[in-house]
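J.: Provided herewith: data_13.cif, mmCIF, C-alpha atoms.
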```cif
data_run
#
loop_
_atom_site.label_atom_id
_atom_site.label_comp_id
_atom_site.auth_asym_id
_atom_site.auth_seq_id
_atom_site.Cartn_x
_atom_site.Cartn_y
_atom_site.Cartn_z
CA MET A 1 -16.21 20.86 -46.62
CA LEU A 2 -13.00 20.75 -44.59
CA SER A 3 -14.86 20.41 -41.27
CA LEU A 4 -16.97 17.56 -42.66
CA SER A 5 -13.89 15.59 -43.72
CA CYS A 6 -12.23 16.38 -40.40
CA THR A 7 -15.25 14.99 -38.57
CA LEU A 8 -15.35 11.90 -40.77
CA LEU A 9 -11.64 11.19 -40.35
CA PHE A 10 -11.20 11.97 -36.68
CA GLY A 11 -14.60 11.72 -35.06
CA LYS A 12 -14.10 15.10 -33.38
CA CYS A 13 -12.56 17.95 -35.30
CA GLY A 14 -9.11 18.82 -34.00
CA MET A 15 -8.89 15.77 -31.73
CA PRO A 16 -7.85 12.69 -33.69
CA ARG A 17 -8.66 9.29 -32.31
CA ARG A 18 -4.93 8.70 -31.89
CA ASN A 19 -4.84 11.45 -29.27
CA ASP A 20 -7.70 9.75 -27.44
CA ARG A 21 -5.81 6.46 -27.43
CA VAL A 22 -2.57 8.12 -26.31
CA ASN A 23 -4.45 9.98 -23.55
CA GLU A 24 -5.90 6.72 -22.25
CA VAL A 25 -2.54 4.90 -22.40
CA LEU A 26 -0.83 7.77 -20.57
CA ARG A 27 -3.55 7.79 -17.91
CA HIS A 28 -3.16 4.05 -17.39
CA GLU A 29 0.65 4.08 -17.30
CA ILE A 30 0.87 7.07 -14.94
CA SER A 31 -1.64 5.36 -12.64
CA GLN A 32 0.48 2.20 -12.64
CA LEU A 33 3.68 4.13 -11.94
CA LEU A 34 1.98 6.06 -9.14
CA ALA A 35 0.73 2.86 -7.50
CA ARG A 36 3.87 0.79 -7.87
CA GLN A 37 7.02 2.86 -8.23
CA ILE A 38 6.63 6.29 -6.64
CA LYS A 39 7.46 6.24 -2.93
CA ASP A 40 6.92 9.92 -2.12
CA PRO A 41 5.07 10.21 1.24
CA ARG A 42 3.06 13.13 -0.15
CA LEU A 43 1.51 10.64 -2.58
CA SER A 44 0.49 8.03 -0.01
CA GLY A 45 -3.20 9.06 0.06
CA VAL A 46 -5.97 8.15 -2.35
CA ILE A 47 -5.00 9.71 -5.67
CA THR A 48 -6.73 8.95 -8.93
CA ILE A 49 -5.59 9.99 -12.40
CA THR A 50 -8.97 10.94 -13.85
CA GLN A 51 -7.96 12.19 -17.27
CA VAL A 52 -5.04 13.11 -19.50
CA LYS A 53 -5.27 15.69 -22.27
CA THR A 54 -2.42 15.90 -24.75
CA SER A 55 -1.71 18.70 -27.18
CA GLY A 56 -2.18 18.07 -30.89
CA ASP A 57 1.52 17.39 -31.41
CA LEU A 58 1.66 15.11 -28.32
CA ARG A 59 4.49 17.12 -26.76
CA LEU A 60 2.49 18.38 -23.77
CA ALA A 61 0.10 16.52 -21.50
CA GLN A 62 -2.16 17.83 -18.77
CA VAL A 63 -2.73 15.18 -16.12
CA PHE A 64 -5.88 15.62 -14.02
CA LEU A 65 -5.75 14.30 -10.43
CA SER A 66 -8.50 13.62 -7.97
CA VAL A 67 -7.23 13.60 -4.39
CA MET A 68 -9.27 12.52 -1.38
CA GLY A 69 -8.69 14.73 1.63
CA ASP A 70 -8.61 18.33 2.71
CA SER A 71 -7.05 21.20 0.80
CA GLU A 72 -3.66 20.60 2.45
CA ALA A 73 -3.63 16.97 1.27
CA LYS A 74 -4.54 18.09 -2.23
CA ARG A 75 -1.83 20.75 -2.30
CA SER A 76 0.72 18.29 -0.99
CA ALA A 77 -0.24 15.62 -3.54
CA LEU A 78 0.00 18.15 -6.37
CA GLU A 79 3.48 19.16 -5.20
CA GLY A 80 4.49 15.49 -4.99
CA MET A 81 3.29 14.81 -8.53
CA GLN A 82 5.11 17.87 -9.85
CA SER A 83 8.23 16.69 -8.07
CA ALA A 84 7.90 13.27 -9.73
CA ALA A 85 7.25 14.69 -13.22
CA LYS A 86 10.78 14.06 -14.55
CA PHE A 87 10.80 10.50 -13.23
CA LEU A 88 7.36 9.85 -14.73
CA ARG A 89 8.38 11.28 -18.09
CA ARG A 90 11.53 9.16 -18.18
CA GLU A 91 9.59 6.00 -17.29
CA LEU A 92 6.90 6.77 -19.87
CA GLY A 93 9.61 7.25 -22.49
CA GLN A 94 10.93 3.76 -21.76
CA ARG A 95 7.48 2.13 -21.71
CA LEU A 96 5.83 3.79 -24.71
CA THR A 97 6.77 3.98 -28.36
CA LEU A 98 6.11 7.63 -29.02
CA ARG A 99 8.29 9.92 -31.09
CA HIS A 100 8.20 12.50 -28.29
CA THR A 101 7.41 11.76 -24.66
CA PRO A 102 5.12 14.58 -23.54
CA PHE A 103 6.04 17.05 -20.82
CA LEU A 104 3.63 16.57 -17.94
CA THR A 105 1.73 19.23 -16.05
CA PHE A 106 -0.63 18.38 -13.21
CA VAL A 107 -4.02 19.87 -12.43
CA LEU A 108 -6.37 19.10 -9.55
CA ASP A 109 -9.64 17.69 -10.87
CA GLU A 110 -12.44 18.95 -8.66
CA SER A 111 -15.22 17.43 -10.79
CA ILE A 112 -15.82 14.49 -8.43
CA GLU A 113 -16.21 16.80 -5.43
CA GLU A 114 -18.45 19.13 -7.47
CA ALA A 115 -20.62 16.19 -8.57
CA ASP A 116 -20.85 14.95 -4.96
CA HIS A 117 -21.88 18.43 -3.82
CA LEU A 118 -24.59 18.62 -6.51
CA LEU A 119 -25.91 15.16 -5.56
CA ARG A 120 -26.14 16.24 -1.91
CA ILE A 121 -28.11 19.32 -2.93
CA ILE A 122 -30.48 17.19 -5.02
CA ASP A 123 -30.92 14.71 -2.16
CA HIS A 124 -31.65 17.57 0.23
CA LEU A 125 -34.24 19.03 -2.15
CA GLN A 126 -35.89 15.65 -2.59
CA GLU A 127 -36.09 15.17 1.19
CA ASP A 128 -37.80 18.56 1.50
CA GLN A 129 -40.40 17.56 -1.11
CA LEU A 130 -41.31 14.17 0.39
CA PRO A 131 -44.74 14.10 2.02
CA HIS A 132 -44.57 14.05 5.79
CA SER A 133 -46.43 11.21 7.49
CA PRO A 134 -49.33 12.23 9.78
CA SER A 135 -48.48 12.02 13.44
CA ASP A 136 -50.88 10.08 15.69
CA GLY A 137 -53.79 10.42 13.25
CA ASP A 138 -54.28 14.15 13.99
CA GLU A 139 -54.49 15.04 10.33
CA ASP A 140 -57.16 13.98 7.86
CA ASP A 141 -56.55 11.31 5.23
CA THR A 142 -56.61 13.66 2.24
CA GLY A 143 -52.91 13.78 1.55
CA PRO A 144 -51.17 13.56 -1.82
CA LEU A 145 -51.27 9.76 -1.72
CA THR A 146 -54.99 9.37 -0.98
CA SER A 147 -57.93 10.36 -3.12
CA PRO A 148 -60.25 13.12 -1.92
CA PRO A 149 -63.66 12.11 -0.58
CA HIS A 150 -66.39 11.95 -3.24
CA SER A 151 -69.37 14.22 -2.86
CA GLY A 152 -72.46 12.96 -4.31
#
```
Would you mind writing the structure in this file as C-alpha coordinates?
T.:
Amino acid sequence: MLSLSCTLLFGKCGMPRRNDRVNEVLRHEISQLLARQIKDPRLSGVITITQVKTSGDLRLAQVFLSVMGDSEAKRSALEGMQSAAKFLRRELGQRLTLRHTPFLTFVLDESIEEADHLLRIIDHLQEDQLPHSPSDGDEDDTGPLTSPPHSG
(Lines of atoms letter the chains of each structure in order from A and count residues from 1; the text may use other names and numbers.)
(Lines give C-alpha, C1' and ligand atoms only; values in the text may rest on other atoms or scores of the structure.)
Protein backbone atom coordinates (compact mmCIF):
# COMPACT_ATOMS: atom_id res chain seq x y z
CA MET A 1 0.00 0.00 0.00
CA LEU A 2 2.85 2.38 0.80
CA SER A 3 4.46 1.94 -2.63
CA LEU A 4 1.14 2.60 -4.36
CA SER A 5 0.65 5.90 -2.52
CA CYS A 6 4.28 6.80 -3.16
CA THR A 7 3.76 6.23 -6.88
CA LEU A 8 0.53 8.21 -6.89
CA LEU A 9 2.05 11.15 -5.02
CA PHE A 10 5.43 11.35 -6.67
CA GLY A 11 5.15 9.62 -10.02
CA LYS A 12 8.29 7.59 -9.30
CA CYS A 13 8.83 6.11 -5.89
CA GLY A 14 11.69 7.80 -4.05
CA MET A 15 12.05 10.60 -6.62
CA PRO A 16 9.48 13.32 -6.03
CA ARG A 17 8.56 15.61 -8.87
CA ARG A 18 10.15 18.46 -6.93
CA ASN A 19 13.53 16.79 -7.33
CA ASP A 20 12.93 16.54 -11.07
CA ARG A 21 12.13 20.25 -11.24
CA VAL A 22 15.15 21.18 -9.09
CA ASN A 23 17.39 18.96 -11.26
CA GLU A 24 16.21 20.72 -14.41
CA VAL A 25 16.61 24.21 -12.89
CA LEU A 26 20.12 23.35 -11.68
CA ARG A 27 21.05 22.00 -15.12
CA HIS A 28 19.80 25.17 -16.77
CA GLU A 29 21.47 27.56 -14.31
CA ILE A 30 24.82 25.75 -14.36
CA SER A 31 24.72 25.80 -18.18
CA GLN A 32 24.07 29.55 -18.12
CA LEU A 33 26.88 30.18 -15.64
CA LEU A 34 29.26 28.03 -17.68
CA ALA A 35 28.46 29.92 -20.87
CA ARG A 36 28.48 33.44 -19.47
CA GLN A 37 30.51 33.78 -16.29
CA ILE A 38 33.23 31.14 -16.08
CA LYS A 39 36.42 32.21 -17.86
CA ASP A 40 38.59 29.17 -17.16
CA PRO A 41 40.55 28.26 -20.34
CA ARG A 42 40.05 24.57 -19.55
CA LEU A 43 36.33 25.16 -20.11
CA SER A 44 36.63 26.87 -23.49
CA GLY A 45 35.64 23.78 -25.52
CA VAL A 46 32.20 22.39 -26.23
CA ILE A 47 30.80 21.34 -22.86
CA THR A 48 27.20 20.38 -22.29
CA ILE A 49 25.51 19.81 -18.95
CA THR A 50 23.45 16.76 -19.86
CA GLN A 51 21.83 15.95 -16.53
CA VAL A 52 21.78 16.77 -12.84
CA LYS A 53 20.80 14.26 -10.16
CA THR A 54 20.17 15.54 -6.66
CA SER A 55 19.95 13.51 -3.49
CA GLY A 56 16.60 13.17 -1.76
CA ASP A 57 17.41 15.95 0.71
CA LEU A 58 18.74 18.21 -2.09
CA ARG A 59 22.09 18.67 -0.35
CA LEU A 60 24.17 16.87 -2.99
CA ALA A 61 24.02 17.11 -6.76
CA GLN A 62 25.83 15.07 -9.39
CA VAL A 63 26.35 17.11 -12.54
CA PHE A 64 26.87 15.09 -15.73
CA LEU A 65 29.04 16.69 -18.44
CA SER A 66 29.46 15.83 -22.07
CA VAL A 67 32.74 17.15 -23.47
CA MET A 68 33.69 17.11 -27.14
CA GLY A 69 37.31 16.20 -27.70
CA ASP A 70 39.92 13.66 -26.78
CA SER A 71 40.49 12.17 -23.35
CA GLU A 72 42.88 15.00 -22.40
CA ALA A 73 40.23 17.63 -23.20
CA LYS A 74 37.69 15.71 -21.14
CA ARG A 75 40.05 15.36 -18.18
CA SER A 76 40.93 19.04 -18.37
CA ALA A 77 37.28 20.11 -18.55
CA LEU A 78 36.42 17.93 -15.56
CA GLU A 79 39.26 19.52 -13.57
CA GLY A 80 38.07 22.98 -14.59
CA MET A 81 34.51 22.25 -13.47
CA GLN A 82 35.74 20.87 -10.15
CA SER A 83 37.83 23.98 -9.71
CA ALA A 84 34.76 26.16 -10.35
CA ALA A 85 32.49 24.17 -8.00
CA LYS A 86 32.63 26.68 -5.12
CA PHE A 87 31.93 29.61 -7.45
CA LEU A 88 29.03 27.73 -9.05
CA ARG A 89 27.56 26.81 -5.68
CA ARG A 90 27.77 30.39 -4.45
CA GLU A 91 26.12 31.71 -7.63
CA LEU A 92 23.39 29.07 -7.46
CA GLY A 93 22.74 30.04 -3.85
CA GLN A 94 22.15 33.64 -4.93
CA ARG A 95 19.97 32.73 -7.91
CA LEU A 96 17.77 30.00 -6.42
CA THR A 97 15.45 29.93 -3.45
CA LEU A 98 16.44 26.62 -1.92
CA ARG A 99 16.85 25.96 1.77
CA HIS A 100 20.23 24.32 1.07
CA THR A 101 22.33 24.90 -2.02
CA PRO A 102 23.60 21.46 -3.03
CA PHE A 103 27.27 20.54 -3.06
CA LEU A 104 28.26 19.80 -6.64
CA THR A 105 30.21 16.83 -7.93
CA PHE A 106 31.00 16.40 -11.61
CA VAL A 107 30.92 13.24 -13.70
CA LEU A 108 31.78 12.75 -17.36
CA ASP A 109 28.73 11.59 -19.28
CA GLU A 110 29.87 9.17 -21.96
CA SER A 111 26.34 8.29 -23.10
CA ILE A 112 26.48 10.49 -26.22
CA GLU A 113 29.75 8.90 -27.37
CA GLU A 114 28.38 5.43 -26.57
CA ALA A 115 25.21 6.16 -28.57
CA ASP A 116 27.29 7.46 -31.49
CA HIS A 117 29.42 4.31 -31.39
CA LEU A 118 26.31 2.09 -31.42
CA LEU A 119 24.82 4.04 -34.34
CA ARG A 120 28.06 3.59 -36.31
CA ILE A 121 27.94 -0.16 -35.66
CA ILE A 122 24.32 -0.31 -36.82
CA ASP A 123 25.14 1.71 -39.95
CA HIS A 124 28.06 -0.60 -40.70
CA LEU A 125 25.86 -3.68 -40.30
CA GLN A 126 23.20 -2.19 -42.54
CA GLU A 127 25.79 -1.42 -45.23
CA ASP A 128 26.95 -5.04 -45.11
CA GLN A 129 23.38 -6.29 -45.61
CA LEU A 130 22.53 -4.05 -48.59
CA PRO A 131 22.31 -5.93 -51.88
CA HIS A 132 25.27 -5.25 -54.14
CA SER A 133 24.43 -4.00 -57.63
CA PRO A 134 25.48 -6.28 -60.53
CA SER A 135 28.54 -5.07 -62.34
CA ASP A 136 28.34 -4.79 -66.13
CA GLY A 137 25.42 -7.22 -66.39
CA ASP A 138 27.59 -10.28 -65.58
CA GLU A 139 25.11 -11.61 -63.06
CA ASP A 140 21.59 -12.82 -63.73
CA ASP A 141 18.53 -10.76 -62.83
CA THR A 142 17.33 -13.02 -60.01
CA GLY A 143 18.40 -10.89 -57.10
CA PRO A 144 16.42 -10.10 -53.95
CA LEU A 145 14.62 -7.23 -55.70
CA THR A 146 13.45 -9.18 -58.76
CA SER A 147 11.06 -12.08 -58.94
CA PRO A 148 12.36 -15.48 -60.04
CA PRO A 149 11.48 -16.67 -63.54
CA HIS A 150 8.21 -18.63 -63.75
CA SER A 151 8.37 -22.20 -64.98
CA GLY A 152 5.35 -23.38 -66.64
J.: Just how far from atom CA of A:Phe87 is atom CA of A:Asn19, in Å to one decimal?
T.: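 Atom-to-atom, atom CA of A:Asn19 and atom CA of A:Phe87 are spaced 22.4 Å apart.
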J.: Could you please determine the separation between atom CA of A:Lys86 and atom CA of A:Ile112 in Å, to one decimal place?
T.: 27.3 Å
J.: Determine the nearest neighbour of A:Ser55 from the options A:Asn23, A:Arg95, A:Gln129, A:Val107, counting all atoms listed in the file.
T.: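 Answer, going by the shortest atom-to-atom distance: A:Asn23.
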J.: With the file shown as input, list the residues that the PyMOL selection byres ((chain A and resi 111) around 12) selects, as a PDB file with C-alpha atoms, keeping the file's coordinate frame.
T.:
```pdb
ATOM      1  CA  THR A  50      -8.970  10.940 -13.850  1.00  0.00           C
ATOM      2  CA  GLN A  51      -7.960  12.190 -17.270  1.00  0.00           C
ATOM      3  CA  PHE A  64      -5.880  15.620 -14.020  1.00  0.00           C
ATOM      4  CA  LEU A  65      -5.750  14.300 -10.430  1.00  0.00           C
ATOM      5  CA  SER A  66      -8.500  13.620  -7.970  1.00  0.00           C
ATOM      6  CA  VAL A  67      -7.230  13.600  -4.390  1.00  0.00           C
ATOM      7  CA  VAL A 107      -4.020  19.870 -12.430  1.00  0.00           C
ATOM      8  CA  LEU A 108      -6.370  19.100  -9.550  1.00  0.00           C
ATOM      9  CA  ASP A 109      -9.640  17.690 -10.870  1.00  0.00           C
ATOM     10  CA  GLU A 110     -12.440  18.950  -8.660  1.00  0.00           C
ATOM     11  CA  ILE A 112     -15.820  14.490  -8.430  1.00  0.00           C
ATOM     12  CA  GLU A 113     -16.210  16.800  -5.430  1.00  0.00           C
ATOM     13  CA  GLU A 114     -18.450  19.130  -7.470  1.00  0.00           C
ATOM     14  CA  ALA A 115     -20.620  16.190  -8.570  1.00  0.00           C
ATOM     15  CA  ASP A 116     -20.850  14.950  -4.960  1.00  0.00           C
ATOM     16  CA  HIS A 117     -21.880  18.430  -3.820  1.00  0.00           C
ATOM     17  CA  LEU A 118     -24.590  18.620  -6.510  1.00  0.00           C
TER      18      LEU A 118
END
```
J.: (-8.2, 6.6, -13.8) in this file's frame - what residues fall within 7 Å of it? Use all atoms listed in the file and give the answer as a list in words.
T.: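 The residues near that point, listed by chain and number, are Arg27, His28, Ser31, Thr48, Ile49, Thr50 and Gln51 of chain A.
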